[in-house]
Amino acid sequence: MSKIFSKERVNGGRQIELDIAKCLAIIFMIFLHCYMSGLGSNISLPLQRVVSQLLGRPFAAPVFMFAMGVGMVYSRNQEPKYLIIRGIKMMLLGVVVNVGEWILPHFLAGKLLGDWDMVPIAGGLLLFCVDILAFAGMAMILTGILRKLKLASWHMVIVAIVLSVIGTLLRFHNFGSEVWNLITGYFIGSLRDNGTSFTSFPLFNWFIFPAVGMLFGEWYIKCSNKKKLLCLWPLGLGISLAYFIIPWAAKDGFICSGDVHYYYYMTTLDVVFCLLCIYGVIGLCYFVSLILPKAVKGFISKTSSNINAIYVIQWFLIPITYILIVYFNRNVKFSNLLFIIIAIIEIVVCTAIAAVYKYFVKKGKKNNVKN
């Protein structure tokens, strides 16, 4: 252990392998959301499974949330009050995302296509559904509270394991009320009468990713030999991929099966294999980073710093893109190639818009300082 870790912090600043992992996660998310928004309605089963049941699931949100936990350790401000306030802001941003994901497309599809059922909004309740930003906000608030109680990171992991087990035992419960299913959905994976839900990332099932990320980050920031720490990445990827892919033969019941709720409300066992996958992804990204040109690394780091903006933008852009395409061509068939082309265009446009937004935000701050 002494050959891998130092007693002091030797590994501060941005970590390019984590930046690469986050960029890959947002790319996979955009592909998934293109599929979910209707752009992948006619793609082949193999591509559908790769996008919506593999890359868009364990290789996306779990990596994203784990990296957030690591980022909390590397952050300059780790005060409980700061985390709680930031968490509240993140939850409010989640509501903004719901406007782009549900509310705006609902009215746009109704007005342009005359199809008010294309994007159902459950009487407006989906404005408050739990997307990944809402979960991230809750995770930050809980982390701030636990730090206020002077709990160490390994204590938080224990809390997260307990919550994960509770979430596993209580998932798929129907509380018999739309409002109660919405409220409880912030914490556990409840289901409505029609088999749908108001939540994608309940706190109890998902808090373990940022919690383990924080514990990992405390060790990683002292890591003096990343090659040795991450050398078993092929094993992590291999074992986790087998766990994700082999059950494809089954109809449902597994994290990467047809029913996405088994992923959203993943069990504690699922989490273990997702963590193995995350280790493999970080290791792969680290060894890839060793051969990347400096300019490419710089671009990836800047893009990674804009991840939240990219995430918000893509949820406004993707549904509108689909509705407008259908509006101009009702008989359009989204082939594999067309789906991939559109997804890549969405990635490029979202990244560009986020970069421009970040530029003007920085420029505005500089002007305020001068004044």
# chains A, B, ... in the order shown; residues from 1 in each chain; ligands from 1
call {"tool": "closest_atom_pairs", "arguments": {"of": "range 105-218 of chain A", "to": "range 304-328 of chain A", "cutoff": "8 Å", "atoms": "only C-alpha atoms", "output": "Markdown table"}}
result
| residue | atom | partner | partner_atom | distance |
| --- | --- | --- | --- | --- |
| A:Pro105 | CA | A:Pro319 | CA | 6.1 |
| A:Leu108 | CA | A:Ile323 | CA | 7.6 |
| A:Ala109 | CA | A:Ile323 | CA | 6.3 |
| A:Leu112 | CA | A:Tyr327 | CA | 6.7 |
| A:Leu113 | CA | A:Tyr327 | CA | 6.4 |
call {"tool": "select_by_dssp", "arguments": {"residues": "range 78-282 of chain A", "states": "alpha helix (DSSP H)", "output": "PyMOL selection string"}}
result
chain A and resi 80-98+104-113+132-148+153-170+178-184+203-206+208-220+226-229+233-245+261-264+268-282
call {"tool": "closest_atom_pairs", "arguments": {"of": "range 247-317 of chain A", "to": "range 154-171 of chain A", "cutoff": "10 Å", "atoms": "only C-alpha atoms", "output": "JSON lines"}}
result
{"residue": "A:His261", "atom": "CA", "partner": "A:Arg171", "partner_atom": "CA", "distance": 9.3}
{"residue": "A:Tyr262", "atom": "CA", "partner": "A:Arg171", "partner_atom": "CA", "distance": 9.2}
{"residue": "A:Tyr264", "atom": "CA", "partner": "A:Arg171", "partner_atom": "CA", "distance": 9.8}
{"residue": "A:Tyr265", "atom": "CA", "partner": "A:Arg171", "partner_atom": "CA", "distance": 6.4}
{"residue": "A:Met266", "atom": "CA", "partner": "A:Thr168", "partner_atom": "CA", "distance": 6.9}
{"residue": "A:Thr267", "atom": "CA", "partner": "A:Thr168", "partner_atom": "CA", "distance": 4.9}
{"residue": "A:Thr268", "atom": "CA", "partner": "A:Ser164", "partner_atom": "CA", "distance": 5.7}
{"residue": "A:Leu269", "atom": "CA", "partner": "A:Thr168", "partner_atom": "CA", "distance": 9.3}
{"residue": "A:Asp270", "atom": "CA", "partner": "A:Thr168", "partner_atom": "CA", "distance": 9.9}
{"residue": "A:Val271", "atom": "CA", "partner": "A:Ser164", "partner_atom": "CA", "distance": 8.6}
call {"tool": "closest_residue", "arguments": {"among": "A:Gly298, A:Pro58, A:Gly217, A:Gly280", "to": "Arg9 in chain A", "atoms": "only C-alpha atoms"}}
result
A:Gly217
call {"tool": "atom_distance", "arguments": {"atom1": "CA of Val272 in chain A", "atom2": "CA of Pro202 in chain A"}}
result
17.2 Å
call {"tool": "closest_residue", "arguments": {"among": "A:Gly283, A:Gly195, A:Pro62, A:Gly110", "to": "Gly213 in chain A", "atoms": "only C-alpha atoms"}}
result
A:Pro62
call {"tool": "atom_distance", "arguments": {"atom1": "CA of Tyr220 in chain A", "atom2": "CA of Arg14 in chain A"}}
result
11.9 Å
call {"tool": "residues_around", "arguments": {"residues": "Phe28 in chain A", "least_positions_apart": "4", "cutoff": "8 Å", "atoms": "only C-alpha atoms", "output": "mmCIF file with all heavy atoms, in the first residue's frame"}}
result
data_model
loop_
_atom_site.group_PDB
_atom_site.id
_atom_site.type_symbol
_atom_site.label_atom_id
_atom_site.label_comp_id
_atom_site.auth_asym_id
_atom_site.auth_seq_id
_atom_site.Cartn_x
_atom_site.Cartn_y
_atom_site.Cartn_z
ATOM 1 N N LEU A 24 -17.397 10.714 -21.458
ATOM 2 C CA LEU A 24 -18.002 9.508 -22.035
ATOM 3 C C LEU A 24 -19.400 9.289 -21.466
ATOM 4 O O LEU A 24 -20.325 8.927 -22.198
ATOM 5 C CB LEU A 24 -17.118 8.292 -21.749
ATOM 6 C CG LEU A 24 -15.804 8.200 -22.520
ATOM 7 C CD1 LEU A 24 -14.979 7.008 -22.036
ATOM 8 C CD2 LEU A 24 -16.060 8.083 -24.020
ATOM 9 N N LEU A 32 -28.630 7.801 -25.150
ATOM 10 C CA LEU A 32 -29.777 7.188 -24.488
ATOM 11 C C LEU A 32 -31.006 8.083 -24.576
ATOM 12 O O LEU A 32 -32.105 7.614 -24.896
ATOM 13 C CB LEU A 32 -29.451 6.918 -23.015
ATOM 14 C CG LEU A 32 -30.624 6.451 -22.138
ATOM 15 C CD1 LEU A 32 -31.118 5.083 -22.600
ATOM 16 C CD2 LEU A 32 -30.228 6.419 -20.667
ATOM 17 N N VAL A 51 -27.134 0.861 -26.756
ATOM 18 C CA VAL A 51 -27.384 2.246 -26.372
ATOM 19 C C VAL A 51 -28.219 2.351 -25.101
ATOM 20 O O VAL A 51 -27.862 3.054 -24.158
ATOM 21 C CB VAL A 51 -28.075 3.018 -27.521
ATOM 22 C CG1 VAL A 51 -28.570 4.387 -27.035
ATOM 23 C CG2 VAL A 51 -27.122 3.195 -28.689
ATOM 24 N N LEU A 55 -24.537 0.977 -22.519
ATOM 25 C CA LEU A 55 -23.774 2.226 -22.418
ATOM 26 C C LEU A 55 -24.576 3.318 -21.727
ATOM 27 O O LEU A 55 -24.033 4.108 -20.946
ATOM 28 C CB LEU A 55 -23.348 2.696 -23.811
ATOM 29 C CG LEU A 55 -22.389 1.778 -24.570
ATOM 30 C CD1 LEU A 55 -22.026 2.387 -25.924
ATOM 31 C CD2 LEU A 55 -21.135 1.497 -23.760
ATOM 32 N N GLY A 56 -25.884 3.370 -21.994
ATOM 33 C CA GLY A 56 -26.724 4.403 -21.397
ATOM 34 C C GLY A 56 -27.135 4.119 -19.972
ATOM 35 O O GLY A 56 -27.808 4.938 -19.350
ATOM 36 N N PHE A 59 -22.749 2.491 -17.674
ATOM 37 C CA PHE A 59 -21.593 3.278 -18.105
ATOM 38 C C PHE A 59 -21.878 4.785 -18.097
ATOM 39 O O PHE A 59 -21.009 5.569 -18.461
ATOM 40 C CB PHE A 59 -21.164 2.856 -19.513
ATOM 41 C CG PHE A 59 -20.436 1.545 -19.550
ATOM 42 C CD1 PHE A 59 -21.144 0.348 -19.650
ATOM 43 C CD2 PHE A 59 -19.061 1.493 -19.459
ATOM 44 C CE1 PHE A 59 -20.483 -0.868 -19.670
ATOM 45 C CE2 PHE A 59 -18.385 0.281 -19.482
ATOM 46 C CZ PHE A 59 -19.099 -0.909 -19.583
ATOM 47 N N ALA A 60 -23.064 5.158 -17.678
ATOM 48 C CA ALA A 60 -23.446 6.580 -17.724
ATOM 49 C C ALA A 60 -23.653 7.156 -16.330
ATOM 50 O O ALA A 60 -22.708 7.646 -15.703
ATOM 51 C CB ALA A 60 -24.698 6.736 -18.583
#
call {"tool": "closest_residue", "arguments": {"among": "A:Gly69, A:Pro247, A:Pro210, A:Gly123", "to": "Leu54 in chain A", "atoms": "only C-alpha atoms"}}
result
A:Pro247
call {"tool": "atom_distance", "arguments": {"atom1": "CA of Asn331 in chain A", "atom2": "CA of Thr196 in chain A"}}
result
28.1 Å
call {"tool": "closest_residue", "arguments": {"among": "A:Phe334, A:Phe204, A:Phe360, A:Phe339", "to": "Ala139 in chain A", "atoms": "only C-alpha atoms"}}
result
A:Phe204
call {"tool": "residues_around", "arguments": {"residues": "Asn42 in chain A", "least_positions_apart": "4", "cutoff": "10 Å", "atoms": "only C-alpha atoms", "output": "short mmCIF file (atom, residue, chain, number, x, y, z; two decimals) with all heavy atoms, in the first residue's frame"}}
result
data_model
loop_
_atom_site.label_atom_id
_atom_site.label_comp_id
_atom_site.auth_asym_id
_atom_site.auth_seq_id
_atom_site.Cartn_x
_atom_site.Cartn_y
_atom_site.Cartn_z
N TYR A 35 -32.59 8.09 -27.90
CA TYR A 35 -33.39 6.87 -28.03
C TYR A 35 -34.72 7.00 -27.29
O TYR A 35 -35.79 6.69 -27.83
CB TYR A 35 -32.61 5.67 -27.50
CG TYR A 35 -33.43 4.41 -27.40
CD1 TYR A 35 -33.70 3.62 -28.51
CD2 TYR A 35 -33.96 4.02 -26.16
CE1 TYR A 35 -34.47 2.48 -28.42
CE2 TYR A 35 -34.74 2.87 -26.06
CZ TYR A 35 -34.99 2.11 -27.18
OH TYR A 35 -35.75 0.99 -27.08
N GLY A 38 -37.64 9.11 -28.85
CA GLY A 38 -38.30 8.66 -30.07
C GLY A 38 -37.39 8.58 -31.27
O GLY A 38 -37.76 7.99 -32.30
N GLN A 48 -30.04 -0.97 -30.21
CA GLN A 48 -30.94 -0.57 -29.12
C GLN A 48 -30.39 -1.05 -27.78
O GLN A 48 -30.39 -0.29 -26.80
CB GLN A 48 -32.33 -1.17 -29.36
CG GLN A 48 -33.30 -0.95 -28.21
CD GLN A 48 -34.60 -1.69 -28.43
OE1 GLN A 48 -35.11 -1.75 -29.54
NE2 GLN A 48 -35.14 -2.27 -27.37
N VAL A 332 -41.16 9.73 -41.32
CA VAL A 332 -39.73 9.50 -41.16
C VAL A 332 -39.46 8.19 -40.43
O VAL A 332 -40.17 7.82 -39.49
CB VAL A 332 -39.07 10.68 -40.40
CG1 VAL A 332 -39.63 10.81 -38.99
CG2 VAL A 332 -37.56 10.54 -40.37
N LYS A 333 -38.46 7.46 -40.90
CA LYS A 333 -38.00 6.23 -40.25
C LYS A 333 -36.56 6.44 -39.79
O LYS A 333 -35.68 6.74 -40.60
CB LYS A 333 -38.07 5.05 -41.23
CG LYS A 333 -39.46 4.74 -41.74
CD LYS A 333 -40.36 4.20 -40.64
CE LYS A 333 -41.72 3.81 -41.19
NZ LYS A 333 -42.64 3.33 -40.13
N PHE A 334 -36.33 6.31 -38.51
CA PHE A 334 -35.00 6.56 -37.96
C PHE A 334 -34.16 5.28 -38.04
O PHE A 334 -34.24 4.42 -37.17
CB PHE A 334 -35.10 7.06 -36.52
CG PHE A 334 -35.78 8.39 -36.39
CD1 PHE A 334 -37.13 8.45 -36.03
CD2 PHE A 334 -35.09 9.56 -36.64
CE1 PHE A 334 -37.77 9.68 -35.92
CE2 PHE A 334 -35.73 10.79 -36.53
CZ PHE A 334 -37.08 10.85 -36.17
N SER A 335 -33.37 5.18 -39.08
CA SER A 335 -32.48 4.04 -39.24
C SER A 335 -31.31 4.14 -38.27
O SER A 335 -31.12 5.16 -37.59
CB SER A 335 -31.94 4.01 -40.67
OG SER A 335 -31.13 5.17 -40.92
N ASN A 336 -30.51 3.09 -38.22
CA ASN A 336 -29.33 3.10 -37.35
C ASN A 336 -28.43 4.29 -37.66
O ASN A 336 -27.98 5.01 -36.76
CB ASN A 336 -28.53 1.80 -37.51
CG ASN A 336 -29.22 0.62 -36.87
OD1 ASN A 336 -30.34 0.73 -36.37
ND2 ASN A 336 -28.56 -0.52 -36.88
N PHE A 339 -30.02 7.71 -36.78
CA PHE A 339 -30.03 7.86 -35.33
C PHE A 339 -28.65 8.28 -34.82
O PHE A 339 -28.53 9.21 -34.01
CB PHE A 339 -30.46 6.55 -34.66
CG PHE A 339 -30.23 6.52 -33.18
CD1 PHE A 339 -31.06 7.21 -32.32
CD2 PHE A 339 -29.16 5.80 -32.64
CE1 PHE A 339 -30.84 7.19 -30.94
CE2 PHE A 339 -28.94 5.76 -31.27
CZ PHE A 339 -29.79 6.46 -30.42
#
call {"tool": "closest_residue", "arguments": {"among": "A:Pro80, A:Gly94, A:Gly71, A:Gly124", "to": "Gly13 in chain A", "atoms": "only C-alpha atoms"}}
result
A:Gly71
